[in-house]
Amino acid sequence: MSLALVRLDDRLIHGQVVVGWGQPLNIAFIVLVDDEVRNSAWEQDLYRMGVPPNIEVVFASIAEAERQLDQWEQDGRIGILLAGDIDTMAALVKSGQIKHVNIGGIHHRAGRIERLRYVYLTDDEAAKLRQLASNGVDVTAQDVPTARAVPIREFL
Amino acid sequence: MSEPLVGVVVSHAELAQALVSAVRVISGVEGALEPVSNEGCDPEALAARIDKALGKGPAVLFVDLPGGSCLTSALRLSRGRASVAVVTGVNLAMLLDFVFHRELSPVEAARRASQAGANAIRTPGTPAAPAAPAA
């Protein structure tokens with residue numbers, strides 16, 4: 001499988017992704033799935049700034065990602081796919097090709113409850129993640145590779 | 001005289017707080033720098049922290065890395081604001097230069113601090129790199 005990590009992280013491309021995961025996995029591409037970023041050249045330039053030139057960054061809408069998931073999975077290179085919110089990830093999971101979801105960071109906002117140091121969720125968001133898991137997706141929380149992957153049943 | 005610049009240091013973890021403390025100890029200058037950490041923040045929350053530290057006056061944002069969550073939030077906030085300039089790769093040398101040149105414009109202070117920071121990066125004691133072959 002060429003997508004070595006499918007990650008839910010509200011910061012999208014940032015240090016933990018590029019350095020923490022990117023270095024040990026030796027990634028060659030990052031797919032950022034976000035409808036808003038897909039439509040903003042300025043936002044795309046911002047995210048590219050954090051990525052070394054040898055790593056390709058692909059910006060995709062949810063619809064584009066659903067169509068291209070198979071292509072990324074068959075890519076001979078190693079890549080990371082990022083989504084910034086649970087609804088986007090849930091839409092991608094519906095394709096049936098995503099078997100593992102890494103929760104890398106969902107941070108505090110009004111109405112969210114702390115589940116882990118770097119995972120805050122409303123009850124509705126928690127229910128959506130539980131639904132993903134009940135559909136057979138392996139959902140774990142792990143901010144960096146050196147941390148333990150915490151199964152969803154341990155924090156929800 | 002125009003309002004002196006404020007420097008806002010934006011970093012991962014406790015780096016910003018440590019840099020601001022070190023500048024205070026070395027220079028004796030108080031109130032010139034505000035630390036902001038991205039700890040526990042999504043982009044929206046980090047932008048709110050930076051915005052609060054910036055206040056209404058002219059400022060320079062000193063960001064730790066030339067990419068990532070700290071920079072993206074800083075650039076979103078500074079976009080279209082002529083009174084705010086951004087420098088990446090913050091280090092102690094550039095902040096020490098900045099606190100003594102707060103009368104400059106944000107862009108002038110940012111350029112000056114950037115140069116001071118770059119000048120501080122050296123490899124003392126190591127052999128000089130071999131000269132590049134002539135073309």
# chains A, B, ... in the order shown; residues from 1 in each chain; ligands from 1

call {"tool": "closest_atom_pairs", "arguments": {"of": "region 36-112 of chain B", "to": "region 7-23 of chain B", "cutoff": "6 Å", "atoms": "only C-alpha atoms", "output": "CSV"}}
result
residue,atom,partner,partner_atom,distance
B:Val36,CA,B:Val10,CA,4.8
B:Ser37,CA,B:Ser11,CA,5.2
B:Asn38,CA,B:His12,CA,5.4
B:Glu39,CA,B:Ala13,CA,5.5
B:Ala59,CA,B:Gly7,CA,5.6
B:Val60,CA,B:Gly7,CA,4.9
B:Leu61,CA,B:Val8,CA,4.8
B:Phe62,CA,B:Val9,CA,4.7
B:Val63,CA,B:Val10,CA,4.8
B:Asp64,CA,B:Ser11,CA,5.2

call {"tool": "write_last_selection", "arguments": {"atoms": "C-alpha atoms", "output": "CSV table (one decimal), in the first residue's frame"}}
result
chain,number,residue,atom,x,y,z
B,36,VAL,CA,2.9,32.5,21.8
B,37,SER,CA,3.0,28.7,21.9
B,38,ASN,CA,1.0,26.6,19.5
B,39,GLU,CA,0.5,23.9,22.2
B,59,ALA,CA,4.6,44.5,15.0
B,60,VAL,CA,6.9,41.9,13.8
B,61,LEU,CA,6.0,38.2,14.0
B,62,PHE,CA,9.0,35.9,14.6
B,63,VAL,CA,8.1,32.3,13.7
B,64,ASP,CA,10.2,29.2,14.5

call {"tool": "interface_residues", "arguments": {"of": "chain A", "to": "chain B", "cutoff": "6 Å", "atoms": "only C-alpha atoms", "output": "PyMOL selection string"}}
result
chain A and resi 11+14-15+46+49-50+107

call {"tool": "select_by_dssp", "arguments": {"residues": "chain A", "states": "alpha helix (DSSP H)", "output": "VMD selection string"}}
result
chain A and resid 15 22 to 25 35 to 38 41 to 48 62 to 73 86 to 93 123 to 134

call {"tool": "residues_around", "arguments": {"residues": "Asp124 (chain A)", "least_positions_apart": "5", "cutoff": "12 Å", "atoms": "only C-alpha atoms", "output": "number ranges by chain"}}
result
A: 86-87, 111-113, 129-131, 156

call {"tool": "residues_around", "arguments": {"residues": "Asp143 (chain A)", "least_positions_apart": "6", "cutoff": "12 Å", "atoms": "only C-alpha atoms", "output": "list in words"}}
result
Leu5, Arg7, Leu8, Asp9, Asp10, Arg11, His14, Gly15, Gln16, Val17, Val19, Gly20, Trp21, Asn102, Ile103, Gly104, Gly105, Ile106, His107, Leu116, Arg117, Tyr118, Val119, Ala149 and Val150 of chain A

call {"tool": "write_last_selection", "arguments": {"atoms": "C-alpha atoms", "output": "CSV table (one decimal), in the first residue's frame"}}
result
chain,number,residue,atom,x,y,z
A,5,LEU,CA,-0.6,6.9,6.7
A,7,ARG,CA,-4.3,10.9,9.1
A,8,LEU,CA,-7.0,13.1,10.6
A,9,ASP,CA,-5.3,16.3,11.8
A,10,ASP,CA,-6.9,19.8,12.0
A,11,ARG,CA,-3.5,21.4,11.4
A,14,HIS,CA,2.8,20.8,9.9
A,15,GLY,CA,5.9,19.6,11.6
A,16,GLN,CA,4.7,16.4,13.0
A,17,VAL,CA,3.5,15.3,9.6
A,19,VAL,CA,9.3,15.6,10.0
A,20,GLY,CA,7.8,13.3,12.6
A,21,TRP,CA,6.2,10.9,10.2
A,102,ASN,CA,-4.7,7.7,12.4
A,103,ILE,CA,-6.0,10.5,14.6
A,104,GLY,CA,-3.1,12.9,14.8
A,105,GLY,CA,-4.7,16.0,16.3
A,106,ILE,CA,-8.2,17.4,16.9
A,107,HIS,CA,-7.8,20.3,19.3
A,116,LEU,CA,-6.5,12.4,24.9
A,117,ARG,CA,-4.0,15.2,25.3
A,118,TYR,CA,-4.3,16.0,21.6
A,119,VAL,CA,-7.8,14.7,20.9
A,149,ALA,CA,-1.0,3.9,18.8
A,150,VAL,CA,-4.0,4.2,21.2

call {"tool": "closest_residue", "arguments": {"among": "A:Ala4, A:Val51, A:Tyr120, A:Ala147", "to": "Asp75 (chain A)", "atoms": "only C-alpha atoms"}}
result
A:Ala4

call {"tool": "residues_around", "arguments": {"residues": "Gly76 (chain A)", "least_positions_apart": "6", "cutoff": "12 Å", "atoms": "only C-alpha atoms", "output": "ChimeraX atom specification"}}
result
/A:1-4,27-29

call {"tool": "residues_around", "arguments": {"residues": "region 24-31 of chain B", "least_positions_apart": "5", "cutoff": "12 Å", "atoms": "only C-alpha atoms", "output": "PDB file with C-alpha atoms, in the first residue's frame"}}
result
ATOM      1  CA  PRO B   4       7.594  51.245  19.093  1.00  0.00           C
ATOM      2  CA  LEU B   5       7.235  47.862  17.473  1.00  0.00           C
ATOM      3  CA  VAL B   6       6.132  44.813  19.414  1.00  0.00           C
ATOM      4  CA  GLY B   7       7.713  41.475  18.590  1.00  0.00           C
ATOM      5  CA  VAL B   8       5.543  38.381  18.844  1.00  0.00           C
ATOM      6  CA  GLN B  17       8.724  31.603  26.184  1.00  0.00           C
ATOM      7  CA  ALA B  18      12.343  30.492  26.578  1.00  0.00           C
ATOM      8  CA  LEU B  19      13.591  32.842  23.865  1.00  0.00           C
ATOM      9  CA  ALA B  53      -0.513  39.205  21.416  1.00  0.00           C
ATOM     10  CA  LEU B  92      18.219  34.575  19.947  1.00  0.00           C
ATOM     11  CA  ALA B  93      20.541  36.788  17.909  1.00  0.00           C
ATOM     12  CA  LEU B  95      15.567  38.944  18.791  1.00  0.00           C
ATOM     13  CA  LEU B  96      18.432  40.727  20.562  1.00  0.00           C
ATOM     14  CA  ASP B  97      18.870  42.925  17.507  1.00  0.00           C
ATOM     15  CA  PHE B  98      15.163  43.587  17.268  1.00  0.00           C
ATOM     16  CA  VAL B  99      14.610  44.836  20.811  1.00  0.00           C
ATOM     17  CA  PHE B 100      17.095  47.669  20.184  1.00  0.00           C
ATOM     18  CA  HIS B 101      15.571  48.704  16.839  1.00  0.00           C
ATOM     19  CA  ARG B 102      11.901  48.985  17.561  1.00  0.00           C
TER      20      ARG B 102
END

call {"tool": "closest_residue", "arguments": {"among": "B:Leu104, B:Met94, B:Ala129, B:Val86", "to": "Gly117 (chain B)", "atoms": "only C-alpha atoms"}}
result
B:Met94

call {"tool": "select_by_dssp", "arguments": {"residues": "chain A", "states": "strand (DSSP E)", "output": "VMD selection string"}}
result
chain A and resid 3 to 9 29 to 33 56 to 60 79 to 83 100 to 105 113 to 116 119 to 121 138 to 141 150 to 151

call {"tool": "closest_residue", "arguments": {"among": "A:Asp123, A:Glu154, A:Glu114, A:Glu66", "to": "Ala90 (chain A)", "atoms": "only C-alpha atoms"}}
result
A:Glu66
